[in-house]
Amino acid sequence: MKKLNYKYIVIVMVGLLSSCSQDYLTESNPNLIASENYWKDLTDTNKGLTAAYSSLLNSSALNIAEDALRSDMGWPGFGRPVNTSKGDGTFWYYQTYNNGTSGVNDHWNACYKGVYRANQVIEALNNLKSAGSIDATNTAAWTEQMAEARFLRGLFHFYLHSSFNKGSIIIRSSVPKIQSDFTTPLSSSSEVIAFLRDDLKFAFDNLPYAPLAKGRATKGAAATILGTSHLYENELVDAKSYFNDIITNSAYGYSLVTDMSLLFTTKGEFNKESIFEIEYNNVFRLDLSTFDAQSMTSPLAVYTSNSGANSFYVPTWLAYAYKKEVMDVKDDRNYYLKAGVKTLRNVPLRASAMVTLIEDEQTVYYLTGMVPDNVKVSANGKGWGYSFYKKYTNHDYLDSENSLPVNKNYSGKNVTVNRLADVYLMQAECLLKTGDVQGAIVLINKIRARWGLRLLGVSYDASKTFDGVTYTATTLMDRLMYFEKPLELSAEGHAIRYNDLRRWGILTSNFQKLANDDYFVEDYTYLSTVTNKNVTKKLTSIIKTKGTKPSLAVDYEYDISANNFNEGNQSYLPIPFSEYANNTAIKK
């Protein structure tokens with residue numbers, strides 16, 4: 001079990017408002033610490049930073065489950081072909097969410113809570129400086145704390161800008177003190193971009209390459225978000241500059257991980273590929289539900305391994321794409337010994353690391369055997385489905401999620417928000433859009449080589465196999481959009497897939513394409529490692545062309561989603577109804 005690095009979670013209440021008499025407003029609440037008496041030194045502001053970082057522990061800040069379901073990264077919970085799960089998950093998948101959906105409000109509030117806490121620290125640091133408490137002995141510490149606070153404020157504004165209302169959101173640049181401070185109008189998208197980049201640029205200029213503590217922001221994290229913000233606005237020159245710095249500057253210390261035991265495992269947390277990571281914990285605050293915003297445990301383990309309101313499983317198209325990636329036959333990692341004979345693996349290494357597949361007989365899963373003996377699968381085409389995400393579960397060191405210290409709902413598995421592979425793929429996009437197709441191929445191939453996959457393009461390395469295709473900017477961009485990026489970054493980060501689909505202009509066409517795709521599932525027979533007997537799992541192996549075995553059509557995914565989706569109304573999340581109700585400065 002991990003110990004949380006943060007010793008304190010501090011929330012300072014400022015500007016308490018009441019509809020009671022004015023006499024009451026002059027009284028001090030003995031249960032609260034007045035802000036003017038709390039922020040005495042950099043130790044206090046550092047505790048405030050811990051509280052600001054803790055805002056990211058709220059799963060609504062990243063919205064991974066919701067954005068997986070509203071893009072093309074998830075099937076909603078239990079039941080096929082009719083989903084039987086209750087809750088918001090079906091709203092996201094079927095594209096029926098609106099400004100009253102709780103998840104829309106939760107994402108908005110979680111991000112603005114992070115902004116509020118960051119602003120508390122920024123204000124306190126400025127007050128300490130104005131009071132003369134900062135001198136040559138602590139200027140460096142003050143600057144780094146200010147850089148962290150501004151990174152977080154910029155980060156949360158970036159999440160809000162890329163999610164809501166075509167980027168026109170509320171800029172919160174200070175701590176609200178009186179009621180009128182809360183009634184703030186929307187700012188234009190360009191104003192928001194300028195504001196958040198100013199924060200992130202300060203962070204980039206003043207943060208260290210290596211964090212003082214795990215989970216804290218670094219220069220690399222700031223560079224990644226800055227570069228992403230430029231890419232999202234199609235400002236390719238600036239985006240390339242930041243991405244190139246991250247990739248080529250050895251001071252960052254980043255590198256693609258090739259040790260398979262360090263990819264999406266507890267052992268691999270904070271590895272060389274990780275740029276920004278949220279550290280969860282399953283020891284503290286067990287008095288709270290894992291779904292409580294103040295809990296330090298991650299709900300994503302249960303979201304991706306059990307049925308529930310926001311549960312999401314791997315959609316059929318993605319599971320099939322993982323399964324069918326072509327392996328590099330010259331890479332020895334793609335072979336195992338079967339009865340003493342060197343035999344090619346059933347599924348590629350990337351598939352084994354990311355998802356469960358019934359064919360994956362070479363991968364230990366939950367410690368008790370190989371995947372076919374352990375993975376939950378569909379029964380007669382109904383129920384659990386055909387594939388689960390592994391990256392947020394505790395499959396690498398437990399025999400079951402139920403073996404966690406309390407129960408399956410209390411997971412301490414970290415969440416990597418940004419990693420180097422994403423930077424490689426964003427830089428590859430920049431290169432091919434500016435005419436350097438071969439440069440883009442080289443970057444994509446670095447990731448494919450890490451997984452032992454066949455490389456793209458004409459051969460330039462005799463030790464590897466290549467597909468021999470002469471790619472153009474158009475054909476490589478298609479491959480990046482529909483295969484390379486979704487398979488490498490499935491259900492990761494903050495709305496990576498949804499933001500990509502929107503800015504590439506393929507939201508509507510992608511839903512239509514997926515709705516028109518048909519798959520089948522058929523029986524799969526394997527030799528059990530437990531009983532040493534042949535076992536047949538009914539209707540669990542995904543195929544594209546119906547064969548001679550009994551099979552069942554999977555022709556219903558995204559049909560309703562494609563029919564309901566309205567790009568004009570749903571390409572961005574709407575301003576929540578609660579904000580309209582409480583903020584008279586904005587109008588519907």
# chains A, B, ... in the order shown; residues from 1 in each chain; ligands from 1
$ residues_around --residues "Asn534 in chain A" --least-positions-apart "4" --cutoff "12 Å" --atoms "only C-alpha atoms" --output "NGL selection string"
:A and (372-373 or 524-530)
$ select_by_dssp --residues "range 155-286 of chain A" --states "strand (DSSP E or B)" --output "compact mmCIF listing (two decimals) with N, CA and C atoms, in the first residue's frame"
# COMPACT_ATOMS: atom_id res chain seq x y z
N PHE A 164 -16.10 23.21 -22.61
CA PHE A 164 -17.39 23.88 -22.50
C PHE A 164 -17.57 25.03 -23.50
N SER A 274 6.14 9.08 -17.81
CA SER A 274 5.10 9.87 -17.16
C SER A 274 5.51 11.33 -17.05
N ILE A 275 4.65 12.22 -17.52
CA ILE A 275 4.90 13.66 -17.45
C ILE A 275 4.11 14.31 -16.32
N PHE A 276 2.85 13.92 -16.17
CA PHE A 276 2.04 14.44 -15.07
C PHE A 276 1.12 13.31 -14.62
N GLU A 277 1.12 13.02 -13.33
CA GLU A 277 0.44 11.84 -12.81
C GLU A 277 -0.26 12.19 -11.50
N ILE A 278 -1.45 11.67 -11.31
CA ILE A 278 -2.21 11.89 -10.08
C ILE A 278 -2.00 10.69 -9.17
$ residues_around --residues "Tyr558 in chain A" --least-positions-apart "6" --cutoff "8 Å" --atoms "only C-alpha atoms" --output "PyMOL selection string"
chain A and resi 94+511-512+514-515
$ residues_around --residues "range 138-146 of chain A" --least-positions-apart "5" --cutoff "7 Å" --atoms "only C-alpha atoms" --output "JSON list (two decimals) with N, CA and C atoms, in the first residue's frame"
[["chain", "number", "residue", "atom", "x", "y", "z"],
["A", 122, "ILE", "N", -2.27, 31.74, -4.72],
["A", 122, "ILE", "CA", -1.70, 32.89, -5.45],
["A", 122, "ILE", "C", -1.89, 34.17, -4.65],
["A", 125, "LEU", "N", 0.39, 34.10, -1.53],
["A", 125, "LEU", "CA", 1.80, 34.33, -1.88],
["A", 125, "LEU", "C", 2.04, 35.81, -2.18],
["A", 206, "ASN", "N", 9.41, 28.90, -14.67],
["A", 206, "ASN", "CA", 9.86, 28.88, -13.28],
["A", 206, "ASN", "C", 9.80, 27.53, -12.58],
["A", 207, "LEU", "N", 9.18, 26.54, -13.20],
["A", 207, "LEU", "CA", 9.14, 25.22, -12.59],
["A", 207, "LEU", "C", 10.42, 24.45, -12.87]]
$ residues_around --residues "range 461-475 of chain A" --least-positions-apart "2" --cutoff "8 Å" --atoms "only C-alpha atoms" --output "list of chain:residue names"
A:Asp328, A:Val329, A:Lys330, A:Asp331, A:Leu432, A:Lys433, A:Gly435, A:Val437, A:Arg454, A:Leu455, A:Leu456, A:Gly457, A:Val458, A:Ser459, A:Met477, A:Asp478, A:Arg479
$ closest_residue --among "A:Lys338, A:Thr218, A:Lys533, A:Thr508" --to "Asn564 in chain A" --atoms "only C-alpha atoms"
A:Thr508
$ closest_residue --among "A:Gly383, A:Val82, A:Lys324, A:Gly227" --to "Asn244 in chain A" --atoms "only C-alpha atoms"
A:Gly227
$ closest_atom_pairs --of "range 314-357 of chain A" --to "range 544-549 of chain A" --cutoff "12 Å" --atoms "only C-alpha atoms" --output "CSV"
residue,atom,partner,partner_atom,distance
A:Thr316,CA,A:Lys544,CA,10.2
A:Trp317,CA,A:Lys544,CA,9.5
A:Ala319,CA,A:Lys544,CA,11.5
A:Tyr320,CA,A:Lys544,CA,8.1
A:Ala321,CA,A:Lys544,CA,10.3
A:Lys323,CA,A:Lys544,CA,11.3
A:Lys324,CA,A:Lys544,CA,10.3
$ write_last_selection --atoms "C-alpha atoms" --output "mmCIF file, in the first residue's frame"
data_model
loop_
_atom_site.group_PDB
_atom_site.id
_atom_site.type_symbol
_atom_site.label_atom_id
_atom_site.label_comp_id
_atom_site.auth_asym_id
_atom_site.auth_seq_id
_atom_site.Cartn_x
_atom_site.Cartn_y
_atom_site.Cartn_z
ATOM 1 C CA THR A 316 -16.076 -3.802 -30.008
ATOM 2 C CA TRP A 317 -14.323 -1.781 -32.724
ATOM 3 C CA ALA A 319 -11.013 -4.437 -29.016
ATOM 4 C CA TYR A 320 -10.911 -5.809 -32.559
ATOM 5 C CA ALA A 321 -8.391 -3.152 -33.640
ATOM 6 C CA LYS A 323 -6.419 -7.749 -31.562
ATOM 7 C CA LYS A 324 -5.618 -7.333 -35.276
#
$ closest_residue --among "A:Tyr556, A:Phe284, A:Tyr424, A:Tyr232" --to "Arg503 in chain A" --atoms "only C-alpha atoms"
A:Tyr232
